[in-house]
Amino acid sequence: MRKSNVVLLALLVGILQLEATIATVFNFNYGEALDKSLLFFEAQRSGKLPPTQRVTWRADSGLKDGFSQGVDLVGGYYDAGDHVKFGLPMAFSVTMLAWGAIEFSKEITEYNQMGNTLWAIRWGTDYFIKAHPQPNVLWGQVGDGASDHYCWERAEDMTTPRNGYKLDANNPGSDLAGETAAALAASAIAFKPYNSSYSNLLLVHAKQLFSFADNFRGLYDDSIPSAKQFYTSSGYSDELLWAAAWLYEATNDVYYLKYAVDNAVYLGGTGWAVKEFSWDNKYAGVQILLSKVLLEGKGGAFTNTLMQYQAKADYFACACLQKNDGYNVYKTTGGLLYVREWNNMQYVSSAAFLLAVYSEYLSAANAELTCPEGLIQPQELLNFAKSQADYILGNNPKSISYLVGYGPNYPTHVHHRGASITSIHILHSVVECVQGFEAWYYNPQGNPNVIYGALVGGPNQNDDFSDDRSNYEETEPTLSGNAPLIGLFAKLQSVQGIPDPYHTKLPAVHQTTKSTYPPKAQASAPAPAPDTKSSNAPVQFLHSITSTWTIAQSAYYRHKVIIKNTSQKPIADLKLLIEKLSGPLWGLSSTNVKNIYELPLWQKVLNPGAECIFVYIQGGPQAKLSVLSYH
């Protein structure tokens, strides 16, 4: 064999080995990424923090927001690394959280994160309800970006003005009111199985806000000029269609579908072919959401217009997949979609989520994606979404996780005021406005607080990244960047098809516990007891084992229990006695009494036919369940 051929063969073998190594190394734990992404929302909370707060370096803040103007605007979320509550990106983020909870409810529930997800949504929706005290009034912002950015201080030490800015009939904002209507409508769907009265309340506000947005048209940043420098709106037509589409999903009222169809041309729904989905541009989301109606065979008299919506949905998907006859979203050499210089990762996460959702819709209809370069199977959309998620988590030229706290290598100089300054629980003295820059912003050391789950802005168009606190384009996280990750990571973890060790590993105290089963029986899980109906209440327990593994020659099992209300009346204040429980449990609230549990905080009432799911892990036989009391 010629020497050159030998060298070529060796090189080929080396490449194949490298590819095999990469495939092995990048087996990501999306369940862990999901959990940490939800923690970011707790780090961004404004207002009075609850006893269940998991991000303990934060404390109460913004407790007088709106008071000087006679309105209670306490709560909601800080936008990014600052302390302004910008309404437009906050509302978009809540819409994305809710969409994930709707489309991937089974997956999120399976990984015991529905409670945290609903709390993340409700922290926003409770604030929106406060901000909407009258049908044609919406408080759209708290704080001023210019003065806020002059200071580098913790939220707990804020000295900057906390003025509120409102929209009304004389100062309209169809984009912001429309997006808030969409957020509340989507959240109403997410909450409906768990809290129907709250869901109904959200719908009341959503309908009023849509009418306000439609009847009094204008750009919100013309009415709130201080927002223009930070979140300039390109228009409100997409938000009107977006809100109508979500209200149709939430109500099944054909009025809203007809609105989207009748205004398809005038508002650009069937005219705009876009390559971006973001807090500012909702057209791709509208087009995919309305394609669902068509794919489900519910188009009826609106079929022709809905087909035009789907054609534009296909354009967006094909452009992301690089199958759009050259009219594609730019992709870096490392494989990342690249849309804008500032915080590009928010466009990546929203596009990946949207592709995952569209893959679901196409799969359910046994349909394919039609691209200029051929027909694409739904699985390819999900595969591409996975490639973007994997890039975020570390499969990139820098081998860095752009999700803070995930993996061994992630940004430590995150552009975030609270994370970069020692917690108020440790450093009790006030960190003043300018002092914060001198002592903390320019501090070369890494942040004292790890802001788990924060998706930073990410690399530039050349896949280069600088972990520098002053490099806000690349190191600042945002609500709108994180929100799409919840549904995306849940879906990817379920597809991966392996147990999630982040939510199934036992505390150290249990790892050496000897199973009561002999070693020869460890290969088989203990048979769950038959599904039982409690003699004390009209409740049925449906028990299954969803995972098993062995530690130190002892077998452990992941038990899933569905509590179902089999009566015709709501059940409240349900108290359960769980005996013979030796491992951790998720999905119920513990009480002050040993072995007694209640329904979780987000599901205090079990409506007729409704279900509550909890899981626990232990070796040996399953725990014994019984009902103590209920109303």
# chains A, B, ... in the order shown; residues from 1 in each chain; ligands from 1
call {"tool": "closest_atom_pairs", "arguments": {"of": "range 176-259 of chain A", "to": "range 273-290 of chain A", "cutoff": "10 Å", "atoms": "only C-alpha atoms", "output": "CSV"}}
result
residue,atom,partner,partner_atom,distance
A:Leu176,CA,A:Asp280,CA,9.8
A:Glu179,CA,A:Trp279,CA,8.9
A:Tyr231,CA,A:Asp280,CA,8.1
A:Thr232,CA,A:Asp280,CA,8.0
A:Ser233,CA,A:Asp280,CA,6.1
A:Ser234,CA,A:Asp280,CA,6.7
A:Gly235,CA,A:Asp280,CA,8.1
A:Tyr236,CA,A:Asp280,CA,8.9
A:Ser237,CA,A:Tyr283,CA,9.0
A:Asp238,CA,A:Tyr283,CA,5.6
A:Glu239,CA,A:Lys282,CA,6.5
A:Leu240,CA,A:Lys282,CA,9.7
A:Leu241,CA,A:Val286,CA,6.7
A:Trp242,CA,A:Val286,CA,5.3
A:Ala243,CA,A:Val286,CA,8.8
A:Ala244,CA,A:Val286,CA,9.2
A:Ala245,CA,A:Leu290,CA,6.8
A:Trp246,CA,A:Leu289,CA,8.2
A:Tyr248,CA,A:Leu290,CA,9.6
A:Glu249,CA,A:Leu289,CA,8.9
A:Leu257,CA,A:Leu290,CA,8.5
call {"tool": "write_last_selection", "arguments": {"atoms": "N, CA and C atoms", "output": "short mmCIF file (atom, residue, chain, number, x, y, z; two decimals), in the first residue's frame"}}
result
data_model
loop_
_atom_site.label_atom_id
_atom_site.label_comp_id
_atom_site.auth_asym_id
_atom_site.auth_seq_id
_atom_site.Cartn_x
_atom_site.Cartn_y
_atom_site.Cartn_z
N LEU A 176 -47.94 45.36 23.43
CA LEU A 176 -47.80 44.90 24.81
C LEU A 176 -49.12 44.33 25.35
N GLU A 179 -49.67 40.92 23.62
CA GLU A 179 -48.80 39.86 24.13
C GLU A 179 -49.23 39.43 25.53
N TYR A 231 -36.28 47.88 24.48
CA TYR A 231 -37.14 46.90 23.80
C TYR A 231 -38.06 47.63 22.82
N THR A 232 -37.45 48.06 21.72
CA THR A 232 -38.20 48.76 20.69
C THR A 232 -39.10 47.78 19.95
N SER A 233 -40.34 48.18 19.75
CA SER A 233 -41.29 47.32 19.04
C SER A 233 -41.26 47.62 17.55
N SER A 234 -41.26 46.56 16.76
CA SER A 234 -41.27 46.72 15.30
C SER A 234 -42.70 46.80 14.75
N GLY A 235 -43.69 46.63 15.62
CA GLY A 235 -45.08 46.68 15.18
C GLY A 235 -45.96 45.89 16.11
N TYR A 236 -47.27 46.04 15.94
CA TYR A 236 -48.21 45.35 16.80
C TYR A 236 -49.11 44.36 16.06
N SER A 237 -49.00 44.29 14.75
CA SER A 237 -49.88 43.41 13.98
C SER A 237 -49.72 41.95 14.37
N ASP A 238 -48.48 41.52 14.58
CA ASP A 238 -48.25 40.12 14.93
C ASP A 238 -48.84 39.79 16.29
N GLU A 239 -48.75 40.73 17.26
CA GLU A 239 -49.30 40.46 18.58
C GLU A 239 -50.83 40.36 18.56
N LEU A 240 -51.49 41.11 17.69
CA LEU A 240 -52.94 41.00 17.59
C LEU A 240 -53.35 39.61 17.09
N LEU A 241 -52.65 39.12 16.08
CA LEU A 241 -52.91 37.77 15.57
C LEU A 241 -52.54 36.70 16.60
N TRP A 242 -51.43 36.92 17.27
CA TRP A 242 -50.92 36.01 18.30
C TRP A 242 -51.93 35.86 19.44
N ALA A 243 -52.45 36.99 19.90
CA ALA A 243 -53.44 36.96 20.98
C ALA A 243 -54.72 36.27 20.52
N ALA A 244 -55.15 36.55 19.29
CA ALA A 244 -56.37 35.92 18.78
C ALA A 244 -56.19 34.41 18.67
N ALA A 245 -55.02 33.98 18.20
CA ALA A 245 -54.75 32.54 18.06
C ALA A 245 -54.79 31.84 19.42
N TRP A 246 -54.19 32.46 20.43
CA TRP A 246 -54.18 31.84 21.75
C TRP A 246 -55.56 31.86 22.40
N TYR A 248 -58.31 31.62 20.77
CA TYR A 248 -59.05 30.53 20.12
C TYR A 248 -58.68 29.19 20.76
N GLU A 249 -57.39 28.99 21.01
CA GLU A 249 -56.95 27.76 21.66
C GLU A 249 -57.58 27.61 23.04
N LEU A 257 -60.70 32.70 15.85
CA LEU A 257 -60.12 32.10 14.64
C LEU A 257 -60.50 32.93 13.42
#
call {"tool": "closest_atom_pairs", "arguments": {"of": "range 188-291 of chain A", "to": "range 149-163 of chain A", "cutoff": "12 Å", "atoms": "only C-alpha atoms", "output": "tab-separated table"}}
result
residue	atom	partner	partner_atom	distance
A:Ile224	CA	A:Asn163	CA	11.6
A:Ser226	CA	A:Asn163	CA	11.2
A:Gln229	CA	A:His149	CA	11.8
A:Phe230	CA	A:His149	CA	11.0
call {"tool": "atom_distance", "arguments": {"atom1": "CA of Phe41 in chain A", "atom2": "CA of Ala213 in chain A"}}
result
27.5 Å
call {"tool": "residues_around", "arguments": {"residues": "Phe128 in chain A", "least_positions_apart": "5", "cutoff": "12 Å", "atoms": "only C-alpha atoms", "output": "ChimeraX atom specification"}}
result
/A:72-77,85-88,90-91,94,121-123,133-134,137-141,176-177,179-185,187,201-202,205-206,209
call {"tool": "closest_residue", "arguments": {"among": "A:Val348, A:Leu38, A:Ile426, A:Ile102", "to": "Ile392 in chain A", "atoms": "only C-alpha atoms"}}
result
A:Val348
call {"tool": "select_by_dssp", "arguments": {"residues": "range 323-564 of chain A", "states": "strand (DSSP E or B)", "output": "VMD selection string"}}
result
chain A and resid 331 337 369 to 371 374 to 376 403 455 532 to 533 539 to 551 554 to 564
call {"tool": "residues_around", "arguments": {"residues": "range 357-365 of chain A", "least_positions_apart": "6", "cutoff": "10 Å", "atoms": "only C-alpha atoms", "output": "ChimeraX atom specification"}}
result
/A:99-100,103-104,285,288-289,291-297,313-314,317,351,377-383,385,487-488,491
call {"tool": "atom_distance", "arguments": {"atom1": "CA of Ser223 in chain A", "atom2": "CA of Gly173 in chain A"}}
result
6.8 Å
